[in-house]
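Colleague: Handing you this structure, nothing more for now.
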Amino acid sequence: MNMEKLMDEEGIKSFTASFFPFNNVYIDSATAAFASDLSSSVVPFNADDSMVNFSYLEPPLLSCPSPATSIDTSSTTPEEDESSLPRVVVVEQPPVEVRTRTANEKRAFSCTVQVIGTFKPQHITQVGIDLGYATGGIGRPNQNILGGNKIAKIGEDGTVHFELSMSEASTKHKGNDFVLEFFLITDDNKRFSSSSSHCWTSQPFYAYSNQKVLARRRNVEIRAISRPRGGSRGGEQMHVIGSPFISSPSLQVRVSTAHGDVTVSGTNIELYSESVLFFTLPPYPISTPMLDGVELRAQVRVSNDGRYFSNPVDFTYIVENSAKRLRSRF
């Protein structure tokens with residue numbers, strides 16, 4: 001079905017908004033037809049038919065600063081093809097939630113990496129670990145809170161294994177998740193560097209001291225939303241009421257639609273209290289060839305950590321193809 005056929009004169013005259021289920025969300029028939037007719041280069045679905053996750057804000061880029069571990073910070077830079085340069089692949093990630101150690105219990109967690117490429121000719125013999133924040137640009141955590149073997153010898157097959165522990169919870173670090181940053185060390189105790197990369201990172205993990213703190217962070221609930229409808233162009237100020245909303249860089253509102261999810265975070269949300277969260281309504285994920293006023297169903301959820309989400313509350317986007325707001329419909 002092409003656009004001329006979809007929007008011909010007879011089609012416009014006889015158009016009715018009949019809704020039916022599409023990817024567990026009720027949408028109108030024209031939108032479903034539009035989604036099914038788009039080419040694979042445009043349709044916002046993955047190869048396994050799962051919806052693409054649209055991010056309303058681009059996350060900050062994580063850069064690895066100078067190592068905090070005590071080694072010679074001058075670097076050894078090779079002169080060879082970058083495709084064969086040594087690099088680190090994380091084989092065993094830290095748990096996404098790490099229990100902090102106590103005086104009587106170490107509560108260690110494991111991490112394994114593989115060094116690949118021409119590391120032996122470059123005289124690379126060890127891998128070091130620094131502790132960083134998952135959100136870049138906010139300083140560095142005290143390296144002493146990461147315990148265990150933070151420098152390890154590379155095995156003959158390139159494998160390196162670490163046993164680590166955390167002594168401070170994320171709550172002491174403004175709710176930030178941590179990451180492990182890996183870097184290579186040469187046999188003369190210098191940090192190896194190349195033009196392509198200087199360090200590699202693990203997936204983010206949250207450090208907690210008590211199961212109750214972890215449960216409270218996970219079990220967030222929405223009781224009400226300030227308005228049930230909004231324009232497809234977004235930009236309107238809204239809020240949800242629920243609990244507990246916890247201040248952290250991972251706090252977010254997610255709007256799920258038939259054409260993908262949109263995540264609102266950073267400067268587009270404002271934590272007013274543990275029970276009130278303001279946010280800016282994001283635009284509908286894709287442009288739709290629909291008439292003004294057509295309704296597109298969605299759901300709104302909140303997460304304190306980006307992993308566990310609240311119950312969904314229903315929301316409806318109203319198609320608006322011009323800059324004029326359809327506020328009379330809300």
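In the structure tokens, chains take the letters A, B, ... in the order shown, each chain's residues start at 1, and ligands count up from 1 in the order shown.
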Could you give me, as a tab-separated table, a per-residue list for range 191-254 of chain A showing, wherever an atom lies at most 10 Å from an atom of range 152-166 of chain A, the closest pair of atoms and their distance in Å to one decimal, using only C-alpha atoms and sorting by chain then residue number from low to high?
Modeller:
residue	atom	partner	partner_atom	distance
A:Ala207	CA	A:Met166	CA	7.2
A:Tyr208	CA	A:Met166	CA	9.1
A:Ser209	CA	A:Met166	CA	9.6
Colleague: Within 6 Å of range 245-255 of chain A, counting only C-alpha atoms, which residues qualify if same-chain residues fewer than 4 places away don't, as a list of chain:residue names?
Modeller: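 Once the adjacent positions are removed, what remains is A:Gly175, A:Asp261, A:Val262, A:Thr263, A:Val264, A:Ser265, A:Glu274, A:Gln299, A:Val300, A:Arg301, A:Val302, A:Ser303, A:Asn304, A:Asp305, A:Gly306.
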Colleague: Keeping only N, CA and C atoms, write the selected residues as a PDB file, in the first residue's frame.
Modeller:
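Output saved as again26.pdb:
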ATOM      1  N   GLY A 175      23.831   7.640  43.949  1.00  0.00           N
ATOM      2  CA  GLY A 175      23.072   6.631  43.225  1.00  0.00           C
ATOM      3  C   GLY A 175      23.702   6.165  41.933  1.00  0.00           C
ATOM      4  N   ASP A 261       9.984   2.195  21.903  1.00  0.00           N
ATOM      5  CA  ASP A 261      10.010   2.869  23.194  1.00  0.00           C
ATOM      6  C   ASP A 261      10.798   4.165  23.101  1.00  0.00           C
ATOM      7  N   VAL A 262      10.367   5.157  23.885  1.00  0.00           N
ATOM      8  CA  VAL A 262      11.097   6.410  23.993  1.00  0.00           C
ATOM      9  C   VAL A 262      11.450   6.618  25.465  1.00  0.00           C
ATOM     10  N   THR A 263      12.733   6.821  25.749  1.00  0.00           N
ATOM     11  CA  THR A 263      13.192   6.987  27.124  1.00  0.00           C
ATOM     12  C   THR A 263      13.475   8.457  27.405  1.00  0.00           C
ATOM     13  N   VAL A 264      12.937   8.956  28.503  1.00  0.00           N
ATOM     14  CA  VAL A 264      13.137  10.345  28.927  1.00  0.00           C
ATOM     15  C   VAL A 264      13.999  10.329  30.185  1.00  0.00           C
ATOM     16  N   SER A 265      15.112  11.061  30.162  1.00  0.00           N
ATOM     17  CA  SER A 265      16.007  11.080  31.316  1.00  0.00           C
ATOM     18  C   SER A 265      16.792  12.385  31.310  1.00  0.00           C
ATOM     19  N   GLU A 274       9.803  12.178  46.376  1.00  0.00           N
ATOM     20  CA  GLU A 274       9.776  10.722  46.192  1.00  0.00           C
ATOM     21  C   GLU A 274       8.453  10.241  45.614  1.00  0.00           C
ATOM     22  N   GLN A 299       1.890   3.521  26.599  1.00  0.00           N
ATOM     23  CA  GLN A 299       1.934   3.272  28.038  1.00  0.00           C
ATOM     24  C   GLN A 299       3.167   3.953  28.628  1.00  0.00           C
ATOM     25  N   VAL A 300       3.031   4.434  29.855  1.00  0.00           N
ATOM     26  CA  VAL A 300       4.103   5.153  30.537  1.00  0.00           C
ATOM     27  C   VAL A 300       4.538   4.355  31.762  1.00  0.00           C
ATOM     28  N   ARG A 301       5.845   4.190  31.916  1.00  0.00           N
ATOM     29  CA  ARG A 301       6.403   3.506  33.089  1.00  0.00           C
ATOM     30  C   ARG A 301       7.595   4.311  33.615  1.00  0.00           C
ATOM     31  N   VAL A 302       7.963   4.047  34.862  1.00  0.00           N
ATOM     32  CA  VAL A 302       9.094   4.719  35.504  1.00  0.00           C
ATOM     33  C   VAL A 302      10.064   3.667  36.023  1.00  0.00           C
ATOM     34  N   SER A 303      11.360   3.974  35.938  1.00  0.00           N
ATOM     35  CA  SER A 303      12.379   3.092  36.506  1.00  0.00           C
ATOM     36  C   SER A 303      13.401   3.921  37.258  1.00  0.00           C
ATOM     37  N   ASN A 304      13.816   3.404  38.409  1.00  0.00           N
ATOM     38  CA  ASN A 304      14.884   4.063  39.173  1.00  0.00           C
ATOM     39  C   ASN A 304      16.271   3.662  38.695  1.00  0.00           C
ATOM     40  N   ASP A 305      16.362   2.512  38.009  1.00  0.00           N
ATOM     41  CA  ASP A 305      17.679   1.990  37.636  1.00  0.00           C
ATOM     42  C   ASP A 305      17.813   1.605  36.171  1.00  0.00           C
ATOM     43  N   GLY A 306      16.756   1.733  35.374  1.00  0.00           N
ATOM     44  CA  GLY A 306      16.814   1.336  33.980  1.00  0.00           C
ATOM     45  C   GLY A 306      16.689  -0.153  33.765  1.00  0.00           C
TER      46      GLY A 306
END
Colleague: What are the DSSP helix (DSSP H, G or I) residues of range 69-211 of chain A, as a PyMOL selection string?
Modeller: chain A and resi 82-84+143-145+170-173+211
Colleague: Give the answer as one residue: which of A:Tyr284, A:Tyr308, A:Phe182, A:Phe109 has the shortest atom-to-atom distance to Arg87 in chain A, using only C-alpha atoms?
Modeller: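 Among the listed residues, A:Phe182 lies closest to Arg87 in chain A.
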Colleague: For Thr288 in chain A, which residue out of A:Leu131, A:Val179, A:Ile318, A:Val98 is the nearest one, using only C-alpha atoms?
Modeller: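 Of all the options, A:Ile318 lies closest to Thr288 in chain A.
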Colleague: Nearest to Gln122 in chain A among A:Glu168, A:Glu92, A:Asp188, A:Glu181, with distances taken over only C-alpha atoms: which residue is it?
Modeller: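 Closest residue, counting only C-alpha atoms: A:Asp188.
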Colleague: Please identify the strand (DSSP E) residues within range 146-311 of chain A (assignment by DSSP from backbone atoms) and present them as a PyMOL selection string.
Modeller: chain A and resi 146-148+151-153+159-166+178-186+190-192+200-201+206-208+221-225+229-231+237-243+252-257+260-264+269-273+276-280+295-303
Colleague: Calculate how many Å separate CA of Ile222 in chain A from CA of Val313 in chain A, rounding to one decimal.
Modeller: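 Separating CA of Ile222 in chain A from CA of Val313 in chain A is a distance of 7.3 Å.
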Colleague: Under the rule of at most 12 Å, produce a per-residue listing of range 118-152 of chain A near range 198-205 of chain A: chain, number, name, the closest pair of atoms, and the distance in Å, as a tab-separated table, using only C-alpha atoms.
Modeller:
residue	atom	partner	partner_atom	distance
A:Val127	CA	A:Cys199	CA	10.1
A:Gly128	CA	A:Cys199	CA	9.6
A:Ile129	CA	A:Thr201	CA	9.3
A:Asp130	CA	A:Thr201	CA	9.4
A:Leu131	CA	A:Thr201	CA	9.5
A:Gly132	CA	A:Thr201	CA	8.9
A:Tyr133	CA	A:Pro204	CA	8.1
A:Ala134	CA	A:Pro204	CA	5.7
A:Thr135	CA	A:Pro204	CA	9.2
A:Gly136	CA	A:Pro204	CA	11.8
Colleague: Of the candidates A:Ser322, A:Ser170, A:Thr186, A:Asn149, which one gets nearest to Thr125 in chain A if we count only C-alpha atoms?
Modeller: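 Nearest to Thr125 in chain A: A:Thr186.
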